>>> print(open('my_file12.cif').read())   # mmCIF, C-alpha atoms
data_protein
loop_
_atom_site.label_atom_id
_atom_site.label_comp_id
_atom_site.auth_asym_id
_atom_site.auth_seq_id
_atom_site.Cartn_x
_atom_site.Cartn_y
_atom_site.Cartn_z
CA MET A 3 -12.02 12.33 88.53
CA VAL A 4 -12.39 8.78 87.34
CA VAL A 5 -12.44 8.09 83.60
CA LYS A 6 -15.70 6.51 82.49
CA VAL A 7 -15.44 3.82 79.83
CA TYR A 8 -18.76 3.09 78.17
CA GLY A 9 -18.89 -0.44 76.84
CA SER A 10 -18.89 -4.08 77.74
CA THR A 11 -15.90 -5.72 79.43
CA ARG A 12 -16.41 -8.65 77.07
CA ALA A 13 -15.96 -6.60 73.88
CA ALA A 14 -12.53 -6.29 72.26
CA CYS A 15 -12.42 -2.55 71.68
CA PRO A 16 -13.34 -1.57 75.25
CA GLN A 17 -10.76 -4.13 76.41
CA ARG A 18 -8.13 -2.34 74.32
CA VAL A 19 -8.89 0.88 76.22
CA MET A 20 -9.02 -0.86 79.60
CA ALA A 21 -5.64 -2.52 78.96
CA CYS A 22 -4.07 0.87 78.23
CA LEU A 23 -5.63 2.56 81.27
CA LEU A 24 -4.39 -0.29 83.48
CA GLU A 25 -0.87 -0.01 82.04
CA LYS A 26 -0.91 3.74 82.68
CA GLU A 27 -2.42 3.30 86.17
CA VAL A 28 -5.36 5.53 85.30
CA GLU A 29 -8.43 4.93 87.43
CA PHE A 30 -11.52 4.13 85.45
CA GLU A 31 -15.02 2.85 85.83
CA ILE A 32 -16.93 0.74 83.29
CA VAL A 33 -20.39 1.98 82.42
CA HIS A 34 -22.03 -1.09 80.99
CA VAL A 35 -23.65 -0.84 77.56
CA ASP A 36 -25.98 -3.74 76.79
CA LEU A 37 -24.84 -4.79 73.34
CA ASP A 38 -27.21 -7.77 73.15
CA ALA A 39 -30.13 -5.36 73.64
CA GLY A 40 -28.73 -2.96 71.03
CA GLU A 41 -28.23 -0.18 73.56
CA GLN A 42 -25.30 1.15 71.50
CA LYS A 43 -27.67 1.98 68.62
CA LYS A 44 -30.12 3.98 70.73
CA PRO A 45 -30.28 7.79 70.43
CA GLU A 46 -28.80 8.40 73.88
CA PHE A 47 -25.68 6.42 73.13
CA LEU A 48 -25.38 7.84 69.61
CA GLN A 49 -24.79 11.21 71.28
CA ARG A 50 -21.57 9.75 72.67
CA GLN A 51 -20.55 7.67 69.68
CA PRO A 52 -22.31 8.59 66.44
CA PHE A 53 -21.48 5.27 64.77
CA GLY A 54 -23.22 3.29 67.52
CA GLN A 55 -20.14 1.36 68.62
CA VAL A 56 -18.31 0.80 71.87
CA PRO A 57 -16.25 2.10 73.55
CA ALA A 58 -16.81 5.75 74.28
CA VAL A 59 -14.94 7.55 77.03
CA GLU A 60 -15.89 10.44 79.30
CA ASP A 61 -13.11 12.15 81.23
CA GLY A 62 -14.68 15.06 83.09
CA ASP A 63 -16.08 17.23 80.29
CA PHE A 64 -13.96 15.60 77.63
CA ARG A 65 -15.41 12.90 75.42
CA LEU A 66 -13.68 10.57 73.00
CA PHE A 67 -14.46 7.49 70.93
CA GLU A 68 -12.51 5.06 68.68
CA SER A 69 -10.41 2.81 70.92
CA ARG A 70 -7.15 3.38 69.02
CA ALA A 71 -7.54 7.16 69.38
CA ILE A 72 -8.34 6.79 73.08
CA ILE A 73 -5.25 4.69 73.79
CA ARG A 74 -3.00 7.10 71.90
CA TYR A 75 -4.39 10.00 73.94
CA TYR A 76 -3.81 8.36 77.31
CA ALA A 77 -0.42 6.94 76.33
CA THR A 78 0.63 10.47 75.34
CA LYS A 79 -0.96 12.21 78.30
CA TYR A 80 0.63 9.87 80.82
CA ALA A 81 3.87 9.22 78.94
CA GLY A 82 5.91 9.59 82.09
CA ARG A 83 3.84 7.14 84.12
CA GLY A 84 4.19 3.37 84.04
CA ALA A 85 5.55 1.74 80.87
CA ASP A 86 6.37 4.11 78.01
CA LEU A 87 3.99 2.74 75.42
CA LEU A 88 5.00 5.11 72.63
CA GLY A 89 8.78 4.71 72.51
CA ALA A 90 11.46 7.13 73.68
CA THR A 91 12.21 8.93 70.39
CA PRO A 92 10.17 10.18 67.42
CA GLU A 93 11.64 7.35 65.35
CA GLU A 94 10.54 4.74 67.90
CA ARG A 95 7.13 6.40 68.00
CA ALA A 96 6.87 6.11 64.22
CA VAL A 97 7.55 2.37 64.35
CA VAL A 98 4.92 2.00 67.12
CA ASP A 99 2.46 3.85 64.86
CA GLN A 100 3.43 1.62 61.94
CA TRP A 101 2.60 -1.59 63.82
CA LEU A 102 -0.58 -0.02 65.26
CA GLU A 103 -1.62 0.59 61.67
CA VAL A 104 -0.69 -3.01 60.78
CA GLU A 105 -3.00 -4.20 63.56
CA ALA A 106 -5.79 -1.95 62.32
CA HIS A 107 -5.46 -2.67 58.60
CA ASN A 108 -3.85 -6.09 58.15
CA PHE A 109 -4.87 -7.98 61.27
CA ASN A 110 -8.10 -6.56 62.72
CA ASP A 111 -10.58 -7.22 59.91
CA LEU A 112 -9.48 -10.83 59.50
CA ALA A 113 -9.55 -11.42 63.26
CA PHE A 114 -12.97 -9.77 63.43
CA ASN A 115 -14.39 -12.01 60.69
CA LEU A 116 -13.21 -15.06 62.60
CA VAL A 117 -14.47 -13.88 65.98
CA PHE A 118 -17.80 -12.73 64.53
CA HIS A 119 -18.57 -15.95 62.69
CA LEU A 120 -17.08 -18.42 65.17
CA VAL A 121 -18.01 -16.81 68.48
CA ILE A 122 -20.53 -13.96 68.18
CA SER A 123 -22.90 -15.37 65.52
CA PRO A 124 -23.45 -18.68 67.32
CA HIS A 125 -24.03 -16.75 70.56
CA MET A 126 -26.66 -14.60 68.85
CA GLY A 127 -28.24 -17.52 67.00
CA LEU A 128 -27.14 -16.25 63.59
CA ARG A 129 -25.81 -18.26 60.66
CA SER A 130 -22.02 -18.30 60.33
CA ASP A 131 -20.37 -17.73 56.96
CA LEU A 132 -17.96 -20.65 56.95
CA ALA A 133 -16.48 -19.75 53.57
CA LEU A 134 -15.50 -16.37 54.99
CA VAL A 135 -14.10 -18.08 58.07
CA HIS A 136 -11.94 -20.31 55.90
CA SER A 137 -10.60 -17.55 53.66
CA SER A 138 -10.02 -15.23 56.63
CA GLU A 139 -8.11 -17.91 58.48
CA GLN A 140 -5.88 -18.57 55.46
CA LYS A 141 -5.15 -14.87 55.05
CA LEU A 142 -4.51 -14.46 58.77
CA GLU A 143 -2.02 -17.35 58.66
CA LYS A 144 -0.02 -15.36 56.08
CA VAL A 145 -0.19 -12.24 58.23
CA MET A 146 1.01 -14.22 61.26
CA ASP A 147 3.92 -15.51 59.17
CA ILE A 148 4.97 -11.89 58.71
CA TYR A 149 4.60 -11.28 62.44
CA GLU A 150 6.77 -14.38 63.04
CA GLN A 151 9.44 -12.95 60.77
CA ARG A 152 9.29 -9.59 62.55
CA LEU A 153 9.33 -11.08 66.04
CA SER A 154 12.30 -13.29 65.16
CA LYS A 155 14.30 -10.06 64.89
CA SER A 156 12.57 -7.91 67.48
CA LYS A 157 11.34 -8.84 70.95
CA TYR A 158 8.21 -6.73 70.58
CA LEU A 159 6.56 -5.43 67.43
CA ALA A 160 8.03 -1.93 67.55
CA GLY A 161 11.42 -2.87 68.97
CA ASP A 162 12.84 -4.05 72.26
CA PHE A 163 10.09 -2.38 74.31
CA PHE A 164 6.41 -3.24 74.92
CA SER A 165 4.25 -0.62 73.24
CA LEU A 166 0.70 0.25 72.21
CA ALA A 167 1.31 -1.81 69.07
CA ASP A 168 1.58 -5.02 71.14
CA LEU A 169 -1.18 -3.93 73.53
CA SER A 170 -3.60 -3.33 70.67
CA HIS A 171 -3.48 -7.03 69.79
CA LEU A 172 -4.26 -8.40 73.26
CA PRO A 173 -8.08 -8.51 73.08
CA ALA A 174 -8.38 -10.13 69.65
CA ILE A 175 -5.64 -12.70 70.20
CA ARG A 176 -7.17 -13.70 73.53
CA CYS A 177 -10.50 -14.20 71.81
CA LEU A 178 -9.02 -16.09 68.84
CA THR A 179 -7.03 -18.45 71.04
CA GLU A 180 -9.51 -18.98 73.89
CA ASP A 181 -12.97 -18.53 72.42
CA ALA A 182 -12.58 -19.26 68.72
CA GLY A 183 -10.40 -22.36 68.96
CA LEU A 184 -7.66 -20.86 66.79
CA GLY A 185 -4.77 -21.19 69.25
CA HIS A 186 -2.65 -22.79 66.55
CA LEU A 187 -2.23 -19.38 64.89
CA VAL A 188 -0.04 -18.47 67.85
CA LYS A 189 1.24 -21.81 69.14
CA GLU A 190 2.59 -23.01 65.79
CA ARG A 191 4.88 -19.99 65.54
CA LYS A 192 7.86 -19.98 67.89
CA PHE A 193 8.40 -16.22 68.12
CA VAL A 194 4.73 -15.24 67.99
CA ASN A 195 4.10 -17.75 70.76
CA ALA A 196 6.91 -16.36 72.93
CA TRP A 197 5.67 -12.82 72.31
CA TRP A 198 2.08 -13.80 73.18
CA GLU A 199 3.20 -15.57 76.37
CA ASP A 200 5.12 -12.44 77.34
CA ILE A 201 2.50 -9.80 76.63
CA SER A 202 -0.42 -11.79 78.03
CA SER A 203 1.51 -12.32 81.27
CA ARG A 204 1.78 -8.63 81.99
CA PRO A 205 0.19 -7.74 85.36
CA SER A 206 -2.14 -5.20 83.73
CA TRP A 207 -3.53 -7.81 81.32
CA LYS A 208 -3.96 -10.35 84.10
CA LYS A 209 -5.78 -7.69 86.09
CA LEU A 210 -8.07 -7.03 83.12
CA LEU A 211 -8.98 -10.71 82.86
CA THR A 212 -10.27 -10.59 86.43
CA LEU A 213 -12.67 -7.84 85.38
CA LEU A 214 -14.35 -9.84 82.60
CA MET B 14 19.71 12.83 52.34
CA VAL B 15 16.39 13.22 50.59
CA MET B 16 13.37 11.30 51.86
CA LYS B 17 12.06 8.57 49.59
CA VAL B 18 8.49 7.47 48.93
CA TYR B 19 7.98 4.19 47.09
CA GLY B 20 4.58 3.81 45.47
CA THR B 21 2.39 4.64 42.51
CA VAL B 22 0.46 7.80 41.75
CA LEU B 23 -2.68 5.67 41.51
CA SER B 24 -2.38 4.65 45.15
CA THR B 25 -4.49 6.81 47.49
CA ALA B 26 -2.25 5.67 50.33
CA ALA B 27 0.90 6.84 48.52
CA MET B 28 -0.80 10.14 47.70
CA ARG B 29 -1.69 10.54 51.39
CA VAL B 30 2.03 10.52 52.19
CA CYS B 31 2.93 12.85 49.31
CA ALA B 32 0.23 15.29 50.42
CA ALA B 33 1.74 15.40 53.91
CA LEU B 34 5.23 15.99 52.50
CA TYR B 35 4.01 18.78 50.21
CA GLU B 36 2.10 20.40 53.09
CA LYS B 37 5.40 20.47 54.98
CA ASN B 38 7.37 21.79 51.97
CA LEU B 39 9.69 18.82 52.33
CA GLU B 40 11.80 17.55 49.48
CA PHE B 41 11.34 13.92 48.58
CA GLU B 42 12.06 11.49 45.79
CA PHE B 43 9.10 9.49 44.47
CA ILE B 44 10.21 6.05 43.35
CA PRO B 45 7.59 4.30 41.22
CA VAL B 46 6.74 0.68 42.03
CA ASP B 47 5.42 -1.26 39.06
CA MET B 48 2.42 -2.95 40.66
CA ARG B 49 1.15 -4.30 37.35
CA ALA B 50 4.38 -6.24 37.07
CA GLY B 51 3.98 -7.42 40.68
CA GLU B 52 7.02 -5.48 41.86
CA HIS B 53 5.38 -4.90 45.26
CA LYS B 54 5.42 -8.65 45.92
CA LYS B 55 9.08 -9.10 45.03
CA GLU B 56 11.90 -9.57 47.55
CA HIS B 57 13.43 -6.12 47.24
CA PHE B 58 10.10 -4.43 47.96
CA LEU B 59 9.11 -6.86 50.70
CA ALA B 60 12.28 -5.74 52.45
CA LEU B 61 10.66 -2.27 52.61
CA ASN B 62 7.13 -3.47 53.42
CA PRO B 63 6.75 -7.15 54.35
CA PHE B 64 3.01 -6.92 53.61
CA GLY B 65 3.79 -6.10 49.97
CA GLN B 66 1.76 -2.89 49.96
CA VAL B 67 2.50 0.66 48.88
CA PRO B 68 3.71 3.07 50.02
CA ALA B 69 7.02 2.48 51.72
CA PHE B 70 9.16 5.35 53.01
CA GLU B 71 12.73 6.12 53.97
CA ASP B 72 14.13 9.06 55.94
CA GLY B 73 17.84 8.40 56.31
CA ASP B 74 18.14 5.16 58.27
CA LEU B 75 14.46 5.08 59.22
CA LYS B 76 12.29 2.85 57.07
CA LEU B 77 8.52 2.93 57.51
CA PHE B 78 5.38 1.59 55.91
CA GLU B 79 1.63 2.24 56.50
CA SER B 80 0.71 5.63 55.02
CA ARG B 81 -1.01 6.93 58.16
CA ALA B 82 2.05 6.10 60.30
CA ILE B 83 4.31 7.80 57.76
CA ALA B 84 2.09 10.90 57.64
CA GLN B 85 2.09 11.09 61.45
CA TYR B 86 5.88 10.73 61.54
CA VAL B 87 6.32 13.55 59.01
CA ALA B 88 3.82 15.72 60.90
CA HIS B 89 5.48 15.25 64.30
CA VAL B 90 9.15 15.23 63.34
CA TYR B 91 8.86 18.20 60.98
CA ALA B 92 6.37 20.04 63.18
CA ASP B 93 8.10 23.36 62.64
CA LYS B 94 7.98 23.18 58.83
CA GLY B 95 5.12 24.18 56.56
CA THR B 96 1.53 23.52 57.68
CA PRO B 97 1.11 22.28 61.25
CA LEU B 98 -0.69 18.99 60.68
CA VAL B 99 -0.91 17.98 64.34
CA CYS B 100 -1.46 19.78 67.62
CA GLU B 101 -1.27 18.89 71.33
CA GLY B 102 -3.39 17.80 74.25
CA LYS B 103 -7.15 17.43 73.96
CA PRO B 104 -7.46 18.95 70.47
CA MET B 105 -4.95 16.36 69.23
CA ALA B 106 -7.03 13.62 70.83
CA THR B 107 -10.00 14.78 68.75
CA VAL B 108 -7.78 14.89 65.64
CA GLY B 109 -6.90 11.30 66.56
CA VAL B 110 -10.57 10.33 66.78
CA TRP B 111 -11.25 11.61 63.26
CA MET B 112 -8.13 9.89 61.93
CA GLN B 113 -9.63 6.63 63.22
CA VAL B 114 -13.05 7.50 61.78
CA GLU B 115 -11.43 7.82 58.35
CA ALA B 116 -9.58 4.53 58.74
CA HIS B 117 -12.39 2.41 60.21
CA GLN B 118 -15.71 3.99 59.20
CA PHE B 119 -15.05 5.72 55.88
CA GLU B 120 -12.22 3.98 54.05
CA PRO B 121 -13.51 0.37 54.10
CA LEU B 122 -16.79 1.42 52.45
CA ALA B 123 -15.03 3.83 50.09
CA LEU B 124 -12.64 1.14 48.88
CA LYS B 125 -15.50 -1.29 48.18
CA LEU B 126 -17.23 1.38 46.09
CA ARG B 127 -14.00 2.25 44.32
CA ARG B 128 -13.51 -1.39 43.42
CA GLU B 129 -17.00 -1.74 41.98
CA LEU B 130 -17.17 1.60 40.22
CA LEU B 131 -13.59 2.03 38.96
CA TYR B 132 -11.38 -1.05 39.25
CA LYS B 133 -13.81 -3.66 37.95
CA PRO B 134 -14.85 -1.70 34.83
CA ARG B 135 -11.18 -0.99 34.10
CA SER B 136 -10.37 -4.67 34.10
CA GLY B 137 -13.44 -5.60 32.08
CA MET B 138 -15.45 -6.97 35.01
CA ALA B 139 -19.08 -6.10 35.67
CA THR B 140 -20.00 -3.74 38.50
CA ASP B 141 -22.21 -5.44 41.10
CA ALA B 142 -25.12 -3.02 41.49
CA ALA B 143 -26.29 -4.64 44.71
CA VAL B 144 -22.88 -4.16 46.33
CA VAL B 145 -22.86 -0.53 45.19
CA GLU B 146 -26.35 0.08 46.57
CA GLU B 147 -25.56 -1.55 49.90
CA ASN B 148 -22.32 0.31 50.42
CA GLU B 149 -23.67 3.65 49.22
CA ALA B 150 -26.41 3.35 51.84
CA LYS B 151 -23.85 2.63 54.55
CA LEU B 152 -21.55 5.40 53.31
CA ALA B 153 -24.46 7.86 53.34
CA LYS B 154 -24.88 7.25 57.08
CA VAL B 155 -21.16 7.75 57.68
CA LEU B 156 -21.20 10.96 55.65
CA ASP B 157 -24.15 12.15 57.76
CA VAL B 158 -21.82 11.93 60.75
CA TYR B 159 -19.19 13.94 58.87
CA GLU B 160 -21.88 16.52 57.96
CA ALA B 161 -22.93 16.83 61.60
CA ARG B 162 -19.32 17.27 62.70
CA LEU B 163 -18.59 19.89 60.03
CA SER B 164 -21.70 21.79 61.13
CA GLN B 165 -19.95 22.30 64.48
CA SER B 166 -16.33 22.56 63.43
CA GLU B 167 -14.63 24.13 60.41
CA TYR B 168 -12.28 21.18 60.08
CA LEU B 169 -12.73 17.64 61.30
CA GLY B 170 -10.27 17.51 64.18
CA CYS B 171 -10.19 21.08 65.40
CA ASP B 172 -10.35 24.62 64.01
CA CYS B 173 -7.51 24.21 61.54
CA PHE B 174 -6.43 21.79 58.80
CA THR B 175 -4.76 18.69 60.25
CA LEU B 176 -4.09 15.05 59.39
CA ALA B 177 -7.74 14.41 60.27
CA ASP B 178 -8.66 16.31 57.08
CA LEU B 179 -5.67 15.17 55.01
CA HIS B 180 -6.13 11.43 55.54
CA PRO B 181 -9.53 11.10 53.78
CA LEU B 182 -8.71 13.56 50.98
CA PRO B 183 -7.15 11.13 48.45
CA THR B 184 -9.94 8.54 48.61
CA MET B 185 -12.68 11.20 48.69
CA THR B 186 -11.15 12.80 45.60
CA THR B 187 -11.27 9.43 43.84
CA LEU B 188 -14.92 8.91 44.80
CA MET B 189 -15.81 12.37 43.49
CA GLY B 190 -14.99 10.99 40.05
CA THR B 191 -17.76 8.39 40.39
CA PRO B 192 -21.55 8.50 40.91
CA VAL B 193 -20.84 8.52 44.66
CA LYS B 194 -20.26 12.25 44.16
CA LYS B 195 -24.00 12.71 44.66
CA LEU B 196 -23.64 11.73 48.33
CA PHE B 197 -21.17 14.57 48.85
CA ASP B 198 -23.17 17.10 46.82
CA ALA B 199 -26.23 16.39 48.99
CA ARG B 200 -24.37 17.44 52.15
CA PRO B 201 -23.55 21.18 52.10
CA LYS B 202 -21.03 21.37 54.95
CA LEU B 203 -19.21 18.27 53.76
CA SER B 204 -18.99 19.43 50.16
CA ALA B 205 -17.86 22.93 51.19
CA TRP B 206 -15.14 21.45 53.41
CA LEU B 207 -14.02 19.08 50.65
CA ALA B 208 -13.92 21.86 48.07
CA ASN B 209 -11.90 23.95 50.51
CA ILE B 210 -9.27 21.33 51.31
CA SER B 211 -9.10 20.17 47.67
CA ALA B 212 -8.05 23.71 46.73
CA ARG B 213 -4.96 23.59 48.93
CA PRO B 214 -1.71 24.16 47.01
CA ALA B 215 -0.17 20.97 48.42
CA TRP B 216 -3.06 18.93 47.00
CA ALA B 217 -2.65 20.62 43.61
CA LYS B 218 0.95 19.35 43.62
CA VAL B 219 -0.26 15.81 44.33
CA LEU B 220 -2.76 16.02 41.46
CA ALA B 221 0.02 17.35 39.20
CA MET B 222 2.11 14.28 40.09
CA ARG B 223 -0.80 12.07 39.05
CA ASN B 224 -1.41 13.96 35.83
CA GLN B 225 2.21 13.63 34.79
CA GLN B 226 2.05 9.83 34.75
#
>>> encode(input="my_file12.cif", output="structure tokens")
Amino acid sequence: MVVKVYGSTRAACPQRVMACLLEKEVEFEIVHVDLDAGEQKKPEFLQRQPFGQVPAVEDGDFRLFESRAIIRYYATKYAGRGADLLGATPEERAVVDQWLEVEAHNFNDLAFNLVFHLVISPHMGLRSDLALVHSSEQKLEKVMDIYEQRLSKSKYLAGDFFSLADLSHLPAIRCLTEDAGLGHLVKERKFVNAWWEDISSRPSWKKLLTLL
Amino acid sequence: MVMKVYGTVLSTAAMRVCAALYEKNLEFEFIPVDMRAGEHKKEHFLALNPFGQVPAFEDGDLKLFESRAIAQYVAHVYADKGTPLVCEGKPMATVGVWMQVEAHQFEPLALKLRRELLYKPRSGMATDAAVVEENEAKLAKVLDVYEARLSQSEYLGCDCFTLADLHPLPTMTTLMGTPVKKLFDARPKLSAWLANISARPAWAKVLAMRNQQ
């Protein structure tokens, strides 16, 4: 049975799930949720995702939400298939989890502020908070300096293997560099740039871009 | 070699890790980091956590940071010791969902309220009532989701205590010492669950650590 991913192909969190399913060669279908019309806040969708956010997933009878939980589930379930996104040992797994948490807690909110105020707000005809954009960009520069330091010693975030930790960054970095005009965050850093070139060249990510 | 946790007893993130270690009956050394003196931003600590945040953790050669990653490591690697904090297959996926709910839906609002209601008064700054009102309203909606979940399930992730329940415990305990307590008291399933998990012996040990400082 095909996994159903409820969301929009243009939204970062559904893209995170799609990227993982593509890496693990899991067949899926996108069930479009009209975010502009607020479909995600309607009672029917709230049954699937009580916080009114995308994505939600339906796999036969089994339902999940929260993109980072969904990717962990499929990476674990299909550990033997395709790239091993969780590392080969418990210690490697712990370092993958560490950098997944870094993405969630040190990177995501800053990236979201920038994407929301530079890309989404203009699209929706809302006022952008430029002071927040400025402070978020400055803070994100410092975070990217730490990534640069890490990636100068390690080919990928969790070690010498591509993992969920790298994958989790793909949607937001694509949006920051291509839609928000903040390519310099990546390009000005030698190792971050090399890492981005590498992970965004993966066949599964290229395949995802054709689905947008 | 004994595991090491670097942090402060005032850090909910550090207490999250200590709670996991106590649940597993694992010995560890707690090494205080003097955050008031800015120790967490100094070179020797940045070598443990380049983001300059507590906690940091060592188990032999393995160094980790990010409390939720550390707790998951402890839970998986020491699966056969103490309380099982994780499970397998689909139930573990649901545990994973509620771990993300804590991290993305609950914690950001909780930390804003903690800042207004505890940190600012402590440092002589005025609480912003509008920020409190706004975030209490948002938190109320999140806690409604917790209430609905706990009406269907004894614990958040599955039918036993797991990381899904442990992760929010430190910050919820902190909020219970503020006027936000009323939001918990108004939700019977949520408050019963919180009272239940707060009574766990491992949590009593964490509170004892805090009270000693």
>>> interface_residues(input="my_file12.cif", of="chain A", to="chain B", cutoff="8 Å", atoms="all atoms listed in the file", output="list in words")
Pro52, Phe53, Phe64, Leu66, Phe67, Glu68, Arg70, Ala71, Ile72, Arg74, Tyr75, Lys79, Pro92, Glu93, Arg95, Ala96, Val97, Asp99, Gln100, Glu103, Val104, Val145 and Ile148 of chain A
>>> atom_distance(input="my_file12.cif", atom1="atom CA of Phe41 of chain B", atom2="atom CA of Val15 of chain B")
5.5 Å
>>> residues_around(input="my_file12.cif", residues="segment 162-176 of chain A", least_positions_apart="6", cutoff="9 Å", atoms="all atoms listed in the file", output="PyMOL selection string")
chain A and resi 13-19+21-22+70+73-74+77+85-89+97-106+109-110+113-114+117+156+185+188+197-198+201-202+207
>>> closest_residue(input="my_file12.cif", among="B:Ala60, B:Leu126, B:Ala221, B:Leu98", to="Glu149 of chain B", atoms="only C-alpha atoms")
B:Leu126
>>> atom_distance(input="my_file12.cif", atom1="atom CA of Met14 of chain B", atom2="atom CA of Tyr35 of chain B")
16.9 Å
>>> atom_distance(input="my_file12.cif", atom1="atom CA of Met185 of chain B", atom2="atom CA of Leu156 of chain B")
11.0 Å
>>> residues_around(input="my_file12.cif", residues="Arg191 of chain A", least_positions_apart="6", cutoff="9 Å", atoms="all atoms listed in the file", output="PDB file with C-alpha atoms, keeping the file's coordinate frame")
ATOM      1  CA  MET A 146       1.010 -14.220  61.260  1.00  0.00           C
ATOM      2  CA  ASP A 147       3.920 -15.510  59.170  1.00  0.00           C
ATOM      3  CA  GLU A 150       6.770 -14.380  63.040  1.00  0.00           C
TER       4      GLU A 150
END
>>> closest_residue(input="my_file12.cif", among="B:Leu188, B:Ile44, B:Met138, B:Leu182", to="Ala215 of chain B", atoms="all atoms listed in the file")
B:Leu182
>>> axis_aligned_box(input="my_file12.cif", around="segment 71-75 of chain A", padding_each_side="3 Å", output="AutoDock Vina command-line options")
--center_x -5.7 --center_y 7.3 --center_z 71.7 --size_x 11.3 --size_y 11.3 --size_z 10.6
>>> residues_around(input="my_file12.cif", residues="Val18 of chain B", least_positions_apart="6", cutoff="9 Å", atoms="all atoms listed in the file", output="number ranges by chain")
B: 27, 30-31, 41-45, 68-71
>>> residues_around(input="my_file12.cif", residues="Leu37 of chain A", least_positions_apart="6", cutoff="9 Å", atoms="all atoms listed in the file", output="compact mmCIF listing (two decimals) with C-alpha atoms, keeping the file's coordinate frame")
# COMPACT_ATOMS: atom_id res chain seq x y z
CA GLY A 9 -18.89 -0.44 76.84
CA SER A 10 -18.89 -4.08 77.74
CA LYS A 43 -27.67 1.98 68.62
CA VAL A 56 -18.31 0.80 71.87
>>> closest_residue(input="my_file12.cif", among="B:Ala199, B:Leu23, B:Ala153, B:Leu179", to="Trp216 of chain B", atoms="all atoms listed in the file")
B:Leu179
>>> closest_residue(input="my_file12.cif", among="B:Leu176, B:Ser24, B:Ala142, B:Glu36", to="Pro214 of chain B", atoms="all atoms listed in the file")
B:Glu36
>>> build_atoms(input="my_file12.cif", residues="segment 94-105 of chain A", atoms="N, CA, C and O atoms", output="CSV table (one decimal), in the coordinates of the input")
chain,number,residue,atom,x,y,z
A,94,GLU,N,11.2,5.9,67.3
A,94,GLU,CA,10.5,4.7,67.9
A,94,GLU,C,9.0,4.9,67.8
A,94,GLU,O,8.3,3.9,67.6
A,95,ARG,N,8.6,6.1,68.1
A,95,ARG,CA,7.1,6.4,68.0
A,95,ARG,C,6.6,6.1,66.6
A,95,ARG,O,5.5,5.5,66.5
A,96,ALA,N,7.3,6.4,65.6
A,96,ALA,CA,6.9,6.1,64.2
A,96,ALA,C,6.7,4.6,64.0
A,96,ALA,O,5.8,4.2,63.3
A,97,VAL,N,7.6,3.8,64.5
A,97,VAL,CA,7.6,2.4,64.4
A,97,VAL,C,6.4,1.8,65.2
A,97,VAL,O,5.7,0.9,64.7
A,98,VAL,N,6.1,2.4,66.3
A,98,VAL,CA,4.9,2.0,67.1
A,98,VAL,C,3.7,2.3,66.3
A,98,VAL,O,2.8,1.4,66.1
A,99,ASP,N,3.6,3.5,65.7
A,99,ASP,CA,2.5,3.8,64.9
A,99,ASP,C,2.3,2.9,63.7
A,99,ASP,O,1.2,2.5,63.3
A,100,GLN,N,3.5,2.5,63.1
A,100,GLN,CA,3.4,1.6,61.9
A,100,GLN,C,2.8,0.3,62.3
A,100,GLN,O,1.9,-0.2,61.6
A,101,TRP,N,3.2,-0.3,63.4
A,101,TRP,CA,2.6,-1.6,63.8
A,101,TRP,C,1.2,-1.5,64.4
A,101,TRP,O,0.4,-2.4,64.3
A,102,LEU,N,0.8,-0.3,64.9
A,102,LEU,CA,-0.6,0.0,65.3
A,102,LEU,C,-1.4,0.0,64.0
A,102,LEU,O,-2.5,-0.5,64.0
A,103,GLU,N,-0.9,0.6,62.9
A,103,GLU,CA,-1.6,0.6,61.7
A,103,GLU,C,-1.7,-0.8,61.1
A,103,GLU,O,-2.7,-1.2,60.5
A,104,VAL,N,-0.7,-1.6,61.2
A,104,VAL,CA,-0.7,-3.0,60.8
A,104,VAL,C,-1.8,-3.7,61.5
A,104,VAL,O,-2.6,-4.5,60.9
A,105,GLU,N,-1.9,-3.6,62.8
A,105,GLU,CA,-3.0,-4.2,63.6
A,105,GLU,C,-4.3,-3.8,63.0
A,105,GLU,O,-5.2,-4.6,62.8
